[in-house]
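J.: Below you'll find protein.pdb; it's PDB, N, CA and C atoms.
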```pdb
ATOM      1  N   MET A 294     -15.144   9.205  -8.976  1.00  0.00           N
ATOM      2  CA  MET A 294     -13.853   8.550  -9.085  1.00  0.00           C
ATOM      3  C   MET A 294     -13.602   7.677  -7.860  1.00  0.00           C
ATOM      4  N   LYS A 295     -12.863   6.642  -8.082  1.00  0.00           N
ATOM      5  CA  LYS A 295     -12.515   5.717  -7.012  1.00  0.00           C
ATOM      6  C   LYS A 295     -11.005   5.766  -6.787  1.00  0.00           C
ATOM      7  N   ILE A 296     -10.611   5.784  -5.527  1.00  0.00           N
ATOM      8  CA  ILE A 296      -9.191   5.758  -5.181  1.00  0.00           C
ATOM      9  C   ILE A 296      -8.748   4.309  -5.064  1.00  0.00           C
ATOM     10  N   LYS A 297      -7.637   3.998  -5.724  1.00  0.00           N
ATOM     11  CA  LYS A 297      -7.104   2.639  -5.690  1.00  0.00           C
ATOM     12  C   LYS A 297      -5.691   2.680  -5.114  1.00  0.00           C
ATOM     13  N   ILE A 298      -5.435   1.795  -4.174  1.00  0.00           N
ATOM     14  CA  ILE A 298      -4.095   1.631  -3.617  1.00  0.00           C
ATOM     15  C   ILE A 298      -3.394   0.554  -4.444  1.00  0.00           C
ATOM     16  N   ARG A 299      -2.283   0.891  -5.060  1.00  0.00           N
ATOM     17  CA  ARG A 299      -1.567  -0.009  -5.963  1.00  0.00           C
ATOM     18  C   ARG A 299      -0.514  -0.855  -5.232  1.00  0.00           C
ATOM     19  N   LEU A 300      -0.748  -1.133  -3.990  1.00  0.00           N
ATOM     20  CA  LEU A 300       0.274  -1.778  -3.173  1.00  0.00           C
ATOM     21  C   LEU A 300       0.672  -3.154  -3.694  1.00  0.00           C
ATOM     22  N   GLN A 301      -0.288  -4.004  -4.020  1.00  0.00           N
ATOM     23  CA  GLN A 301       0.062  -5.354  -4.486  1.00  0.00           C
ATOM     24  C   GLN A 301       0.874  -5.303  -5.769  1.00  0.00           C
ATOM     25  N   GLU A 302       0.524  -4.395  -6.679  1.00  0.00           N
ATOM     26  CA  GLU A 302       1.284  -4.247  -7.923  1.00  0.00           C
ATOM     27  C   GLU A 302       2.734  -3.868  -7.628  1.00  0.00           C
ATOM     28  N   LEU A 303       2.917  -2.929  -6.707  1.00  0.00           N
ATOM     29  CA  LEU A 303       4.263  -2.475  -6.360  1.00  0.00           C
ATOM     30  C   LEU A 303       5.067  -3.584  -5.691  1.00  0.00           C
ATOM     31  N   LEU A 304       4.414  -4.352  -4.837  1.00  0.00           N
ATOM     32  CA  LEU A 304       5.105  -5.466  -4.179  1.00  0.00           C
ATOM     33  C   LEU A 304       5.511  -6.524  -5.204  1.00  0.00           C
ATOM     34  N   ASP A 305       4.618  -6.815  -6.144  1.00  0.00           N
ATOM     35  CA  ASP A 305       4.924  -7.802  -7.192  1.00  0.00           C
ATOM     36  C   ASP A 305       6.112  -7.350  -8.036  1.00  0.00           C
ATOM     37  N   GLU A 306       6.134  -6.061  -8.388  1.00  0.00           N
ATOM     38  CA  GLU A 306       7.237  -5.525  -9.194  1.00  0.00           C
ATOM     39  C   GLU A 306       8.578  -5.673  -8.480  1.00  0.00           C
ATOM     40  N   ARG A 307       8.560  -5.580  -7.155  1.00  0.00           N
ATOM     41  CA  ARG A 307       9.796  -5.617  -6.372  1.00  0.00           C
ATOM     42  C   ARG A 307      10.080  -6.982  -5.754  1.00  0.00           C
ATOM     43  N   ASN A 308       9.229  -7.955  -6.052  1.00  0.00           N
ATOM     44  CA  ASN A 308       9.358  -9.300  -5.468  1.00  0.00           C
ATOM     45  C   ASN A 308       9.422  -9.265  -3.946  1.00  0.00           C
ATOM     46  N   ILE A 309       8.540  -8.478  -3.360  1.00  0.00           N
ATOM     47  CA  ILE A 309       8.432  -8.377  -1.904  1.00  0.00           C
ATOM     48  C   ILE A 309       7.072  -8.959  -1.503  1.00  0.00           C
ATOM     49  N   SER A 310       7.069  -9.809  -0.507  1.00  0.00           N
ATOM     50  CA  SER A 310       5.812 -10.382  -0.050  1.00  0.00           C
ATOM     51  C   SER A 310       5.105  -9.399   0.888  1.00  0.00           C
ATOM     52  N   GLN A 311       3.829  -9.629   1.073  1.00  0.00           N
ATOM     53  CA  GLN A 311       3.072  -8.805   2.019  1.00  0.00           C
ATOM     54  C   GLN A 311       3.661  -8.939   3.417  1.00  0.00           C
ATOM     55  N   ARG A 312       4.049 -10.134   3.761  1.00  0.00           N
ATOM     56  CA  ARG A 312       4.632 -10.380   5.083  1.00  0.00           C
ATOM     57  C   ARG A 312       5.956  -9.627   5.265  1.00  0.00           C
ATOM     58  N   GLN A 313       6.777  -9.630   4.220  1.00  0.00           N
ATOM     59  CA  GLN A 313       8.044  -8.897   4.293  1.00  0.00           C
ATOM     60  C   GLN A 313       7.789  -7.407   4.502  1.00  0.00           C
ATOM     61  N   LEU A 314       6.826  -6.854   3.772  1.00  0.00           N
ATOM     62  CA  LEU A 314       6.510  -5.440   3.931  1.00  0.00           C
ATOM     63  C   LEU A 314       5.994  -5.166   5.338  1.00  0.00           C
ATOM     64  N   ALA A 315       5.147  -6.044   5.848  1.00  0.00           N
ATOM     65  CA  ALA A 315       4.624  -5.867   7.201  1.00  0.00           C
ATOM     66  C   ALA A 315       5.761  -5.793   8.220  1.00  0.00           C
ATOM     67  N   LEU A 316       6.765  -6.633   8.045  1.00  0.00           N
ATOM     68  CA  LEU A 316       7.924  -6.599   8.937  1.00  0.00           C
ATOM     69  C   LEU A 316       8.733  -5.318   8.754  1.00  0.00           C
ATOM     70  N   MET A 317       8.865  -4.872   7.502  1.00  0.00           N
ATOM     71  CA  MET A 317       9.642  -3.666   7.204  1.00  0.00           C
ATOM     72  C   MET A 317       9.019  -2.423   7.840  1.00  0.00           C
ATOM     73  N   VAL A 318       7.694  -2.361   7.856  1.00  0.00           N
ATOM     74  CA  VAL A 318       7.012  -1.163   8.358  1.00  0.00           C
ATOM     75  C   VAL A 318       6.419  -1.367   9.751  1.00  0.00           C
ATOM     76  N   ASP A 319       6.658  -2.541  10.335  1.00  0.00           N
ATOM     77  CA  ASP A 319       6.161  -2.867  11.673  1.00  0.00           C
ATOM     78  C   ASP A 319       4.643  -2.699  11.774  1.00  0.00           C
ATOM     79  N   MET A 320       3.939  -3.367  10.856  1.00  0.00           N
ATOM     80  CA  MET A 320       2.475  -3.365  10.835  1.00  0.00           C
ATOM     81  C   MET A 320       1.971  -4.796  10.849  1.00  0.00           C
ATOM     82  N   ARG A 321       0.721  -4.934  11.216  1.00  0.00           N
ATOM     83  CA  ARG A 321       0.099  -6.246  11.178  1.00  0.00           C
ATOM     84  C   ARG A 321      -0.013  -6.726   9.731  1.00  0.00           C
ATOM     85  N   PRO A 322       0.278  -7.986   9.466  1.00  0.00           N
ATOM     86  CA  PRO A 322       0.120  -8.515   8.107  1.00  0.00           C
ATOM     87  C   PRO A 322      -1.308  -8.339   7.579  1.00  0.00           C
ATOM     88  N   GLY A 323      -2.289  -8.411   8.451  1.00  0.00           N
ATOM     89  CA  GLY A 323      -3.680  -8.227   8.039  1.00  0.00           C
ATOM     90  C   GLY A 323      -3.949  -6.838   7.491  1.00  0.00           C
ATOM     91  N   THR A 324      -3.269  -5.845   8.040  1.00  0.00           N
ATOM     92  CA  THR A 324      -3.410  -4.475   7.546  1.00  0.00           C
ATOM     93  C   THR A 324      -2.870  -4.364   6.130  1.00  0.00           C
ATOM     94  N   ILE A 325      -1.699  -4.927   5.909  1.00  0.00           N
ATOM     95  CA  ILE A 325      -1.087  -4.904   4.577  1.00  0.00           C
ATOM     96  C   ILE A 325      -1.959  -5.686   3.597  1.00  0.00           C
ATOM     97  N   ASN A 326      -2.467  -6.830   4.020  1.00  0.00           N
ATOM     98  CA  ASN A 326      -3.315  -7.647   3.157  1.00  0.00           C
ATOM     99  C   ASN A 326      -4.582  -6.896   2.761  1.00  0.00           C
ATOM    100  N   ALA A 327      -5.207  -6.209   3.696  1.00  0.00           N
ATOM    101  CA  ALA A 327      -6.425  -5.444   3.396  1.00  0.00           C
ATOM    102  C   ALA A 327      -6.136  -4.333   2.393  1.00  0.00           C
ATOM    103  N   LEU A 328      -4.985  -3.697   2.519  1.00  0.00           N
ATOM    104  CA  LEU A 328      -4.607  -2.653   1.559  1.00  0.00           C
ATOM    105  C   LEU A 328      -4.355  -3.246   0.176  1.00  0.00           C
ATOM    106  N   CYS A 329      -3.727  -4.395   0.137  1.00  0.00           N
ATOM    107  CA  CYS A 329      -3.444  -5.054  -1.141  1.00  0.00           C
ATOM    108  C   CYS A 329      -4.725  -5.511  -1.830  1.00  0.00           C
ATOM    109  N   ARG A 330      -5.678  -5.980  -1.056  1.00  0.00           N
ATOM    110  CA  ARG A 330      -6.946  -6.470  -1.616  1.00  0.00           C
ATOM    111  C   ARG A 330      -7.941  -5.357  -1.894  1.00  0.00           C
ATOM    112  N   GLY A 331      -7.695  -4.182  -1.330  1.00  0.00           N
ATOM    113  CA  GLY A 331      -8.616  -3.063  -1.519  1.00  0.00           C
ATOM    114  C   GLY A 331      -9.880  -3.181  -0.698  1.00  0.00           C
ATOM    115  N   THR A 332      -9.781  -3.852   0.449  1.00  0.00           N
ATOM    116  CA  THR A 332     -10.975  -4.062   1.278  1.00  0.00           C
ATOM    117  C   THR A 332     -11.062  -3.103   2.460  1.00  0.00           C
ATOM    118  N   THR A 333     -10.204  -2.119   2.493  1.00  0.00           N
ATOM    119  CA  THR A 333     -10.252  -1.144   3.576  1.00  0.00           C
ATOM    120  C   THR A 333     -10.896   0.141   3.060  1.00  0.00           C
ATOM    121  N   ASP A 334     -11.628   0.808   3.916  1.00  0.00           N
ATOM    122  CA  ASP A 334     -12.273   2.048   3.489  1.00  0.00           C
ATOM    123  C   ASP A 334     -11.664   3.281   4.150  1.00  0.00           C
ATOM    124  N   ARG A 335     -10.615   3.077   4.942  1.00  0.00           N
ATOM    125  CA  ARG A 335      -9.894   4.210   5.538  1.00  0.00           C
ATOM    126  C   ARG A 335      -8.466   3.788   5.847  1.00  0.00           C
ATOM    127  N   ILE A 336      -7.601   4.790   5.816  1.00  0.00           N
ATOM    128  CA  ILE A 336      -6.188   4.521   6.075  1.00  0.00           C
ATOM    129  C   ILE A 336      -5.568   5.786   6.645  1.00  0.00           C
ATOM    130  N   TYR A 337      -4.701   5.614   7.595  1.00  0.00           N
ATOM    131  CA  TYR A 337      -4.004   6.750   8.182  1.00  0.00           C
ATOM    132  C   TYR A 337      -2.936   7.262   7.231  1.00  0.00           C
ATOM    133  N   ILE A 338      -2.757   8.575   7.228  1.00  0.00           N
ATOM    134  CA  ILE A 338      -1.690   9.189   6.431  1.00  0.00           C
ATOM    135  C   ILE A 338      -0.337   8.625   6.865  1.00  0.00           C
ATOM    136  N   SER A 339      -0.159   8.423   8.148  1.00  0.00           N
ATOM    137  CA  SER A 339       1.115   7.903   8.649  1.00  0.00           C
ATOM    138  C   SER A 339       1.396   6.500   8.093  1.00  0.00           C
ATOM    139  N   THR A 340       0.355   5.719   7.880  1.00  0.00           N
ATOM    140  CA  THR A 340       0.521   4.388   7.294  1.00  0.00           C
ATOM    141  C   THR A 340       1.024   4.510   5.861  1.00  0.00           C
ATOM    142  N   LEU A 341       0.429   5.414   5.100  1.00  0.00           N
ATOM    143  CA  LEU A 341       0.879   5.642   3.726  1.00  0.00           C
ATOM    144  C   LEU A 341       2.318   6.135   3.705  1.00  0.00           C
ATOM    145  N   GLU A 342       2.657   7.023   4.633  1.00  0.00           N
ATOM    146  CA  GLU A 342       4.022   7.531   4.720  1.00  0.00           C
ATOM    147  C   GLU A 342       5.015   6.411   4.993  1.00  0.00           C
ATOM    148  N   GLN A 343       4.677   5.516   5.921  1.00  0.00           N
ATOM    149  CA  GLN A 343       5.565   4.401   6.259  1.00  0.00           C
ATOM    150  C   GLN A 343       5.784   3.487   5.054  1.00  0.00           C
ATOM    151  N   ILE A 344       4.705   3.195   4.338  1.00  0.00           N
ATOM    152  CA  ILE A 344       4.804   2.316   3.171  1.00  0.00           C
ATOM    153  C   ILE A 344       5.648   2.972   2.091  1.00  0.00           C
ATOM    154  N   CYS A 345       5.399   4.250   1.836  1.00  0.00           N
ATOM    155  CA  CYS A 345       6.182   4.962   0.819  1.00  0.00           C
ATOM    156  C   CYS A 345       7.661   4.995   1.182  1.00  0.00           C
ATOM    157  N   LYS A 346       7.946   5.231   2.432  1.00  0.00           N
ATOM    158  CA  LYS A 346       9.342   5.274   2.875  1.00  0.00           C
ATOM    159  C   LYS A 346      10.005   3.902   2.706  1.00  0.00           C
ATOM    160  N   ALA A 347       9.311   2.850   3.102  1.00  0.00           N
ATOM    161  CA  ALA A 347       9.874   1.496   3.016  1.00  0.00           C
ATOM    162  C   ALA A 347      10.129   1.078   1.569  1.00  0.00           C
ATOM    163  N   LEU A 348       9.234   1.479   0.663  1.00  0.00           N
ATOM    164  CA  LEU A 348       9.377   1.101  -0.744  1.00  0.00           C
ATOM    165  C   LEU A 348      10.146   2.145  -1.549  1.00  0.00           C
ATOM    166  N   ASN A 349      10.525   3.237  -0.897  1.00  0.00           N
ATOM    167  CA  ASN A 349      11.260   4.329  -1.548  1.00  0.00           C
ATOM    168  C   ASN A 349      10.505   4.852  -2.771  1.00  0.00           C
ATOM    169  N   ILE A 350       9.226   5.209  -2.544  1.00  0.00           N
ATOM    170  CA  ILE A 350       8.376   5.733  -3.611  1.00  0.00           C
ATOM    171  C   ILE A 350       7.692   7.005  -3.135  1.00  0.00           C
ATOM    172  N   HIS A 351       7.109   7.718  -4.094  1.00  0.00           N
ATOM    173  CA  HIS A 351       6.295   8.886  -3.788  1.00  0.00           C
ATOM    174  C   HIS A 351       4.835   8.445  -3.689  1.00  0.00           C
ATOM    175  N   ILE A 352       4.051   9.214  -2.982  1.00  0.00           N
ATOM    176  CA  ILE A 352       2.649   8.860  -2.745  1.00  0.00           C
ATOM    177  C   ILE A 352       1.875   8.663  -4.050  1.00  0.00           C
ATOM    178  N   HIS A 353       2.178   9.442  -5.077  1.00  0.00           N
ATOM    179  CA  HIS A 353       1.437   9.319  -6.336  1.00  0.00           C
ATOM    180  C   HIS A 353       1.712   7.982  -7.035  1.00  0.00           C
ATOM    181  N   GLU A 354       2.770   7.291  -6.647  1.00  0.00           N
ATOM    182  CA  GLU A 354       3.037   5.970  -7.198  1.00  0.00           C
ATOM    183  C   GLU A 354       2.205   4.897  -6.499  1.00  0.00           C
ATOM    184  N   LEU A 355       1.774   5.199  -5.297  1.00  0.00           N
ATOM    185  CA  LEU A 355       1.003   4.248  -4.495  1.00  0.00           C
ATOM    186  C   LEU A 355      -0.504   4.380  -4.707  1.00  0.00           C
ATOM    187  N   ILE A 356      -0.944   5.609  -4.937  1.00  0.00           N
ATOM    188  CA  ILE A 356      -2.387   5.869  -5.058  1.00  0.00           C
ATOM    189  C   ILE A 356      -2.730   6.214  -6.489  1.00  0.00           C
ATOM    190  N   ASP A 357      -3.814   5.636  -6.979  1.00  0.00           N
ATOM    191  CA  ASP A 357      -4.282   5.879  -8.338  1.00  0.00           C
ATOM    192  C   ASP A 357      -5.760   6.238  -8.274  1.00  0.00           C
ATOM    193  N   MET A 358      -6.201   7.068  -9.186  1.00  0.00           N
ATOM    194  CA  MET A 358      -7.612   7.431  -9.290  1.00  0.00           C
ATOM    195  C   MET A 358      -8.208   6.704 -10.493  1.00  0.00           C
ATOM    196  N   GLU A 359      -9.323   6.033 -10.257  1.00  0.00           N
ATOM    197  CA  GLU A 359      -9.994   5.293 -11.336  1.00  0.00           C
ATOM    198  C   GLU A 359     -11.348   5.912 -11.614  1.00  0.00           C
ATOM    199  N   ASP A 360     -11.712   5.977 -12.885  1.00  0.00           N
ATOM    200  CA  ASP A 360     -13.080   6.363 -13.233  1.00  0.00           C
ATOM    201  C   ASP A 360     -13.962   5.158 -12.977  1.00  0.00           C
ATOM    202  N   LYS A 361     -15.123   5.399 -12.407  1.00  0.00           N
ATOM    203  CA  LYS A 361     -16.045   4.278 -12.135  1.00  0.00           C
ATOM    204  C   LYS A 361     -16.724   3.814 -13.369  1.00  0.00           C
TER     205      LYS A 361
END
```
In structure tokens, write the structure found in this file.
T.:
Amino acid sequence: MKIKIRLQELLDERNISQRQLALMVDMRPGTINALCRGTTDRIYISTLEQICKALNIHIHELIDMEDK
């Protein structure tokens, strides 16, 4: 199984740009962009917590499991 971060989908649903989210969570825009594109192979739990808090979602809404 592959873990997928649904960040770009969630941002699109809420009409929030990657840059706006980066400002909301005080992170580098490049970090948010890598998460949206799925090009990162590791992420801190605290980063996921910050994103979930900013978007007012639960972790299971952000992370999805895909069959390969």
J.: Need to verify the contact set: Met358 in chain A, 7 Å, only N, CA and C atoms, exclusion of same-chain residues closer than 4 positions in sequence. Can you return it as a list in words?
T.: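 Once the adjacent positions are removed, what remains is Met294, Lys295, Ile296 and Lys297 of chain A.
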J.: Any idea what's packed within 9 Å of Leu348 in chain A, counting only C-alpha atoms, ignoring anything in its chain fewer than 6 positions away? Could you give it as a short mmCIF file (atom, residue, chain, number, x, y, z; two decimals) with N, CA and C atoms, in the frame of the given file?
T.:
```cif
data_model
loop_
_atom_site.label_atom_id
_atom_site.label_comp_id
_atom_site.auth_asym_id
_atom_site.auth_seq_id
_atom_site.Cartn_x
_atom_site.Cartn_y
_atom_site.Cartn_z
N LEU A 303 2.92 -2.93 -6.71
CA LEU A 303 4.26 -2.48 -6.36
C LEU A 303 5.07 -3.58 -5.69
N LEU A 304 4.41 -4.35 -4.84
CA LEU A 304 5.11 -5.47 -4.18
C LEU A 304 5.51 -6.52 -5.20
N ARG A 307 8.56 -5.58 -7.16
CA ARG A 307 9.80 -5.62 -6.37
C ARG A 307 10.08 -6.98 -5.75
N LEU A 314 6.83 -6.85 3.77
CA LEU A 314 6.51 -5.44 3.93
C LEU A 314 5.99 -5.17 5.34
#
```
J.: As number ranges by chain, which residues of chain A does DSSP assign to strand (DSSP E or B)?
T.: A: 295-298, 356-359
J.: CA of Leu341 in chain A to CA of Ile325 in chain A: how many Å, to one decimal?
T.: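 Atom-to-atom, CA of Leu341 in chain A to CA of Ile325 in chain A, that is 10.8 Å.
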J.: Report as a ChimeraX atom specification the residues that result from applying the PyMOL selection byres ((chain A and resi 300) around 7) to the structure here.
T.: /A:297-299,301-305,328-329,355-356
J.: Mind the document's chain letters and residue numbers, and return as a ChimeraX atom specification the residues of range 294-359 of chain A that DSSP labels alpha helix (DSSP H).
T.: /A:300-307,311-318,322-330,338-348,352-355
J.: Quick one: pull the distance between CA of Val318 in chain A and atom C of Glu306 in chain A, Å, one decimal.
T.: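 CA of Val318 in chain A sits 17.5 Å away from atom C of Glu306 in chain A.
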J.: Quote the spacing between atom C of Gln313 in chain A and CA of Gly331 in chain A in Å to one decimal place.
T.: 18.0 Å
J.: So which one's closest to Gln311 in chain A, A:Asn326, A:Asn349, A:Thr332, A:Gln343? Using only N, CA and C atoms, please.
T.: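 Of all the options, A:Asn326 lies closest to Gln311 in chain A.
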J.: Go ahead and fit an axis-aligned box to every listed atom of range 317-335 of chain A plus 8 Å each side, and pass me the centre and edge lengths in Å, one decimal, as JSON.
T.:
```
{"center_x": -1.3, "center_y": -2.2, "center_z": 4.9, "size_x": 37.9, "size_y": 28.7, "size_z": 29.7}
```
J.: Can you pull out the residues contacting Glu342 in chain A? Cut-off 9 Å, using only C-alpha atoms, and skip same-chain residues under 5 positions away; I want them as a list in words.
T.: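 Once the nearby chain positions are removed, what remains is Tyr337, Ala347, His351 and Ile352 of chain A.
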